[in-house]
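Okay, upload.tsv is below, TSV, C-alpha atoms:
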```tsv
chain	number	residue	atom	x	y	z
A	1	MET	CA	106.43	105.07	116.86
A	2	HIS	CA	105.95	106.37	113.35
A	3	SER	CA	102.33	106.87	112.35
A	4	HIS	CA	100.91	106.78	108.84
A	5	ASP	CA	98.36	109.47	109.77
A	6	THR	CA	100.47	112.32	108.43
A	7	ARG	CA	100.46	110.98	104.92
A	8	ALA	CA	97.96	112.22	102.38
A	9	PRO	CA	96.47	109.84	99.80
A	10	SER	CA	98.49	111.58	97.09
A	11	ARG	CA	101.77	110.53	98.70
A	12	PHE	CA	100.90	106.88	98.15
A	13	SER	CA	99.89	107.42	94.55
A	14	LEU	CA	103.00	109.45	93.77
A	15	ARG	CA	105.33	106.80	95.07
A	16	ALA	CA	103.53	104.31	92.88
A	17	ILE	CA	103.72	106.46	89.77
A	18	LEU	CA	107.22	107.75	89.85
A	19	ARG	CA	109.40	104.83	90.88
A	20	TRP	CA	109.49	102.56	87.88
A	21	PRO	CA	112.50	101.57	85.78
A	22	GLN	CA	114.23	104.40	83.97
A	23	TYR	CA	114.09	102.67	80.59
A	24	PHE	CA	110.38	103.30	80.23
A	25	PHE	CA	111.15	106.98	79.69
A	26	LEU	CA	111.88	106.93	75.95
A	27	VAL	CA	112.45	109.95	73.76
A	28	ALA	CA	109.69	110.30	71.18
A	29	ALA	CA	110.60	110.09	67.51
A	30	LEU	CA	108.56	113.16	66.70
A	31	ALA	CA	109.38	116.53	68.24
A	32	ALA	CA	106.81	117.71	70.77
A	33	THR	CA	105.08	120.99	70.22
A	34	THR	CA	106.27	123.96	72.25
A	35	ALA	CA	103.17	126.08	71.71
A	36	GLN	CA	101.66	127.39	74.92
A	37	ALA	CA	98.00	126.59	75.48
A	38	ALA	CA	95.61	129.29	76.65
A	39	GLU	CA	96.08	130.03	80.34
A	40	LEU	CA	93.15	129.39	82.66
A	41	ARG	CA	91.83	132.34	84.64
A	42	VAL	CA	90.86	132.25	88.30
A	43	GLY	CA	87.13	132.88	88.66
A	44	SER	CA	86.23	131.42	85.26
A	45	THR	CA	84.38	128.12	84.89
A	46	TYR	CA	85.97	125.18	83.08
A	47	PRO	CA	83.88	122.00	82.72
A	48	LEU	CA	86.89	119.79	81.99
A	49	THR	CA	87.04	116.00	82.02
A	50	PHE	CA	90.08	113.82	82.65
A	51	THR	CA	90.47	110.05	82.32
A	52	ASP	CA	92.60	108.29	84.91
A	53	VAL	CA	94.52	105.03	84.59
A	54	ASP	CA	91.44	103.13	85.83
A	55	ARG	CA	89.45	104.66	82.95
A	56	HIS	CA	87.33	106.72	85.33
A	57	GLN	CA	85.93	109.90	83.86
A	58	LEU	CA	86.77	112.75	86.26
A	59	PRO	CA	84.83	115.95	85.48
A	60	THR	CA	85.67	119.20	87.25
A	61	SER	CA	81.97	120.13	87.29
A	62	ASP	CA	80.32	117.08	88.89
A	63	GLY	CA	80.00	118.46	92.43
A	64	HIS	CA	83.43	117.52	93.77
A	65	VAL	CA	86.01	119.94	95.06
A	66	THR	CA	88.91	118.99	92.82
A	67	ILE	CA	92.61	119.58	93.37
A	68	ILE	CA	94.79	118.77	90.38
A	69	THR	CA	98.55	118.59	90.77
A	70	VAL	CA	100.40	118.61	87.44
A	71	LEU	CA	103.94	117.33	87.47
A	72	THR	CA	106.71	115.72	85.52
A	73	ARG	CA	108.88	113.02	87.00
A	74	ARG	CA	111.38	115.47	88.46
A	75	ASP	CA	108.76	117.12	90.69
A	76	GLU	CA	107.93	114.16	92.92
A	77	GLU	CA	108.89	115.95	96.13
A	78	LYS	CA	106.83	119.03	95.28
A	79	ALA	CA	103.77	116.94	94.50
A	80	GLN	CA	104.14	115.01	97.74
A	81	ALA	CA	104.33	118.31	99.59
A	82	VAL	CA	100.97	119.34	98.10
A	83	GLY	CA	99.39	116.13	99.31
A	84	ASP	CA	100.88	116.54	102.77
A	85	ARG	CA	99.40	120.03	103.03
A	86	VAL	CA	95.84	118.95	102.35
A	87	PRO	CA	93.93	119.29	105.65
A	88	HIS	CA	93.44	115.90	107.25
A	89	GLN	CA	89.68	116.29	107.58
A	90	TYR	CA	89.37	115.83	103.83
A	91	TYR	CA	90.95	112.37	103.78
A	92	GLY	CA	88.31	109.98	102.53
A	93	ASP	CA	85.75	112.77	102.03
A	94	PRO	CA	83.50	111.69	99.11
A	95	LYS	CA	83.01	115.36	98.13
A	96	PHE	CA	86.74	115.87	97.71
A	97	ARG	CA	88.94	114.66	94.85
A	98	LEU	CA	92.72	114.88	94.61
A	99	ILE	CA	94.10	114.11	91.15
A	100	THR	CA	97.75	113.59	90.28
A	101	LEU	CA	98.33	114.35	86.60
A	102	VAL	CA	101.68	113.15	85.27
A	103	ASN	CA	102.83	114.94	82.13
A	104	PHE	CA	105.03	112.56	80.16
A	105	GLN	CA	105.82	115.41	77.74
A	106	GLN	CA	104.96	113.19	74.74
A	107	LYS	CA	108.12	111.16	75.32
A	108	ILE	CA	106.63	107.68	75.57
A	109	PHE	CA	106.18	105.55	72.46
A	110	PRO	CA	102.54	104.36	72.07
A	111	PRO	CA	103.41	100.62	72.37
A	112	PHE	CA	104.69	101.21	75.90
A	113	ARG	CA	101.79	103.29	77.20
A	114	GLY	CA	99.50	100.40	78.04
A	115	MET	CA	102.31	98.67	79.88
A	116	ILE	CA	103.09	101.75	81.95
A	117	SER	CA	99.42	102.26	82.81
A	118	ALA	CA	99.20	98.63	83.95
A	119	ILE	CA	102.25	99.10	86.16
A	120	ILE	CA	100.69	102.21	87.70
A	121	ARG	CA	97.45	100.34	88.46
A	122	TYR	CA	99.31	97.40	89.98
A	123	ARG	CA	101.34	99.63	92.25
A	124	LEU	CA	98.36	101.72	93.23
A	125	ASP	CA	96.59	98.54	94.32
A	126	ALA	CA	99.53	97.79	96.61
A	127	GLU	CA	99.65	101.34	97.95
A	128	ALA	CA	95.90	101.31	98.63
A	129	LYS	CA	96.42	98.34	100.93
A	130	GLU	CA	98.86	100.44	102.95
A	131	LEU	CA	96.48	103.37	102.95
A	132	GLN	CA	93.75	101.09	104.31
A	133	LYS	CA	95.54	101.18	107.66
A	134	VAL	CA	95.07	104.94	107.81
A	135	TYR	CA	91.40	104.65	106.86
A	136	THR	CA	90.84	101.99	109.50
A	137	GLU	CA	92.49	104.11	112.18
A	138	ARG	CA	90.29	107.03	111.21
A	139	GLN	CA	87.19	104.82	111.01
A	140	LEU	CA	86.64	105.66	107.36
A	141	LYS	CA	84.32	103.15	105.69
A	142	ARG	CA	85.56	103.77	102.16
A	143	ASN	CA	87.85	101.74	99.94
A	144	PRO	CA	91.02	103.86	99.69
A	145	ARG	CA	91.64	102.60	96.17
A	146	ASP	CA	88.56	104.58	95.14
A	147	ASP	CA	90.23	107.77	96.37
A	148	ILE	CA	93.47	107.52	94.38
A	149	PHE	CA	93.23	109.25	91.01
A	150	VAL	CA	96.17	109.26	88.63
A	151	VAL	CA	96.05	110.62	85.10
A	152	ALA	CA	98.90	109.46	82.90
A	153	ASP	CA	99.07	112.07	80.14
A	154	PHE	CA	101.02	110.53	77.30
A	155	ASP	CA	99.75	112.66	74.41
A	156	GLY	CA	99.46	116.07	76.08
A	157	LYS	CA	95.70	116.36	75.81
A	158	ALA	CA	95.11	116.47	79.57
A	159	VAL	CA	97.64	119.19	80.38
A	160	SER	CA	96.49	121.21	77.36
A	161	GLN	CA	93.05	121.47	78.99
A	162	LEU	CA	94.77	123.23	81.89
A	163	GLY	CA	96.62	125.71	79.71
A	164	ILE	CA	99.95	123.87	79.90
A	165	ALA	CA	101.99	123.03	76.82
A	166	PRO	CA	102.64	119.28	76.53
A	167	ALA	CA	106.38	119.71	76.08
A	168	SER	CA	106.78	121.95	79.12
A	169	SER	CA	108.12	120.85	82.50
A	170	GLU	CA	105.69	123.12	84.33
A	171	PHE	CA	104.54	122.23	87.83
A	172	ALA	CA	101.09	123.50	88.75
A	173	VAL	CA	98.31	123.13	91.30
A	174	PHE	CA	94.67	123.91	90.50
A	175	VAL	CA	91.64	124.01	92.80
A	176	PHE	CA	88.17	123.81	91.23
A	177	ASP	CA	84.81	124.03	92.97
A	178	GLY	CA	81.98	121.61	92.25
A	179	HIS	CA	80.82	123.59	89.22
A	180	GLY	CA	84.23	123.70	87.57
A	181	ARG	CA	85.05	127.25	88.64
A	182	LEU	CA	88.78	127.75	89.05
A	183	VAL	CA	89.28	128.95	92.62
A	184	ARG	CA	93.09	129.02	92.75
A	185	HIS	CA	96.09	128.28	90.55
A	186	TRP	CA	99.70	128.04	91.73
A	187	SER	CA	102.91	127.37	89.82
A	188	ASP	CA	104.64	126.14	92.96
A	189	VAL	CA	103.67	124.34	96.16
A	190	PRO	CA	101.09	126.48	97.99
A	191	SER	CA	101.36	127.03	101.71
A	192	GLN	CA	99.20	124.88	103.94
A	193	GLU	CA	97.15	127.94	104.88
A	194	ALA	CA	96.60	129.01	101.26
A	195	LEU	CA	95.58	125.53	100.19
A	196	ALA	CA	93.18	125.16	103.11
A	197	GLN	CA	91.60	128.54	102.31
A	198	ALA	CA	91.16	127.63	98.65
A	199	ILE	CA	89.46	124.35	99.55
A	200	LYS	CA	87.20	126.20	101.98
A	201	GLU	CA	86.21	128.67	99.26
A	202	ALA	CA	85.54	125.81	96.84
A	203	ARG	CA	83.23	123.90	99.17
```
Write-out of the structure in structure tokens:
Amino acid sequence: MHSHDTRAPSRFSLRAILRWPQYFFLVAALAATTAQAAELRVGSTYPLTFTDVDRHQLPTSDGHVTIITVLTRRDEEKAQAVGDRVPHQYYGDPKFRLITLVNFQQKIFPPFRGMISAIIRYRLDAEAKELQKVYTERQLKRNPRDDIFVVADFDGKAVSQLGIAPASSEFAVFVFDGHGRLVRHWSDVPSQEALAQAIKEAR
């Protein structure tokens, strides 16, 4: 019998984000900038703040171990792999935060952004109900919806904080400790061992 236990919270959120109708992906009228933002350095501290689709403010320096996976729509499988490699003991851990940041590369017209955010929230609500089964099996007393964080970056401001140019198709994974210190940065899917070690160092 197939068990849901092997699925990380990020897998649910990614399915919700990335499977909407193709016509929402519109080419912007204005050309996006290609300038590269300043690259973040491992060991330096970055008190960054991101706003998710639920309008939660998510600081990197508020005591949480924070993993941020940056992706465009084409990198769904890579982002799911990151979530699957998060050690299971961190599922539902209130000190741990996994953020999926979708870079829309400034290709969505402003009138459609609210609609897309509403679709994301609706689908995340549905996915949280599925994730509740996993939490119940693991005797976790948290609402899984509170553990799904999705940042929809329409204007490029979120990825720019991470040293990524808005127009780029870069995939990246960042691990911050509770003070905002960058512990690790990968440009591809890290191994399960490397990710576990980075989380351990960040705790």
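If all atoms listed in the file are the atoms counted, then among A:Ile120, A:Ala128, A:Val159, A:Ala81 the closest residue to Arg145 in chain A is A:Ala128.
Here CA of Pro144 in chain A and CA of Asp84 in chain A stand 16.4 Å from one another.
One distance worth recording is that between CA of Phe154 in chain A and CA of Arg181 in chain A, which is 25.8 Å.
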Item to check | Protein, DNA and RNA residues within 7 Å of (111.5, 120.9, 95.8), all atoms listed in the file, as a PyMOL selection string | outcome: chain A and resi 75+77-78
Export of prior selection with C-alpha atoms as a compact mmCIF listing (two decimals), in the coordinates of the input:
```txt
# COMPACT_ATOMS: atom_id res chain seq x y z
CA ASP A 75 108.76 117.12 90.69
CA GLU A 77 108.89 115.95 96.13
CA LYS A 78 106.83 119.03 95.28
```
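Note that the spacing between CA of Pro94 in chain A and CA of Gly63 in chain A amounts to 10.1 Å.
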Next on the checklist: So, with only C-alpha atoms as the atoms that count, which of A:Val102, A:Tyr122, A:Lys200, A:Lys133 lies closest to Asp52 in chain A?
Outcome noted: A:Val102
Item to check | Counting all atoms listed in the file, the option among A:Gln197, A:Thr60, A:Ser169, A:Gln106 closest to Lys157 in chain A | outcome: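 Ranking A:Gln197, A:Thr60, A:Ser169, A:Gln106 by distance to Lys157 in chain A, first place goes to A:Gln106.
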Item to check | Surrounding residues of Gly114 in chain A excluding itself and chain neighbours under 3 positions, 12 Å, all atoms listed in the file, as a VMD selection string | outcome: chain A and resid 24 53 to 55 108 to 111 117 to 121 152 to 154
So that I have them on file, write out the residues from the current selection with C-alpha atoms, as a PDB file, in the frame of the given file.
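What ended up in again.pdb:
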```pdb
ATOM      1  CA  PHE A  24     110.380 103.300  80.230  1.00  0.00           C
ATOM      2  CA  VAL A  53      94.520 105.030  84.590  1.00  0.00           C
ATOM      3  CA  ASP A  54      91.440 103.130  85.830  1.00  0.00           C
ATOM      4  CA  ARG A  55      89.450 104.660  82.950  1.00  0.00           C
ATOM      5  CA  ILE A 108     106.630 107.680  75.570  1.00  0.00           C
ATOM      6  CA  PHE A 109     106.180 105.550  72.460  1.00  0.00           C
ATOM      7  CA  PRO A 110     102.540 104.360  72.070  1.00  0.00           C
ATOM      8  CA  PRO A 111     103.410 100.620  72.370  1.00  0.00           C
ATOM      9  CA  SER A 117      99.420 102.260  82.810  1.00  0.00           C
ATOM     10  CA  ALA A 118      99.200  98.630  83.950  1.00  0.00           C
ATOM     11  CA  ILE A 119     102.250  99.100  86.160  1.00  0.00           C
ATOM     12  CA  ILE A 120     100.690 102.210  87.700  1.00  0.00           C
ATOM     13  CA  ARG A 121      97.450 100.340  88.460  1.00  0.00           C
ATOM     14  CA  ALA A 152      98.900 109.460  82.900  1.00  0.00           C
ATOM     15  CA  ASP A 153      99.070 112.070  80.140  1.00  0.00           C
ATOM     16  CA  PHE A 154     101.020 110.530  77.300  1.00  0.00           C
TER      17      PHE A 154
END
```
Item to check | Selection near Gln161 in chain A, 12 Å with all atoms listed in the file, sequence-local residues under 6 positions removed, as a PyMOL selection string | outcome: chain A and resi 36-40+46-50+59-60+68+70+101+153+155+174
Quick one: write out the picked residues with C-alpha atoms as an mmCIF file, in the frame of the given file?
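Wrote it out as result_26.cif, contents follow:
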```cif
data_model
loop_
_atom_site.group_PDB
_atom_site.id
_atom_site.type_symbol
_atom_site.label_atom_id
_atom_site.label_comp_id
_atom_site.auth_asym_id
_atom_site.auth_seq_id
_atom_site.Cartn_x
_atom_site.Cartn_y
_atom_site.Cartn_z
ATOM 1 C CA GLN A 36 101.660 127.390 74.920
ATOM 2 C CA ALA A 37 98.000 126.590 75.480
ATOM 3 C CA ALA A 38 95.610 129.290 76.650
ATOM 4 C CA GLU A 39 96.080 130.030 80.340
ATOM 5 C CA LEU A 40 93.150 129.390 82.660
ATOM 6 C CA TYR A 46 85.970 125.180 83.080
ATOM 7 C CA PRO A 47 83.880 122.000 82.720
ATOM 8 C CA LEU A 48 86.890 119.790 81.990
ATOM 9 C CA THR A 49 87.040 116.000 82.020
ATOM 10 C CA PHE A 50 90.080 113.820 82.650
ATOM 11 C CA PRO A 59 84.830 115.950 85.480
ATOM 12 C CA THR A 60 85.670 119.200 87.250
ATOM 13 C CA ILE A 68 94.790 118.770 90.380
ATOM 14 C CA VAL A 70 100.400 118.610 87.440
ATOM 15 C CA LEU A 101 98.330 114.350 86.600
ATOM 16 C CA ASP A 153 99.070 112.070 80.140
ATOM 17 C CA ASP A 155 99.750 112.660 74.410
ATOM 18 C CA PHE A 174 94.670 123.910 90.500
#
```
Next on the checklist: Here is a test: counting only C-alpha atoms, which residue of A:Gln89, A:Ala165, A:Asn103, A:Leu98 is nearest to Arg138 in chain A?
Outcome noted: A:Gln89
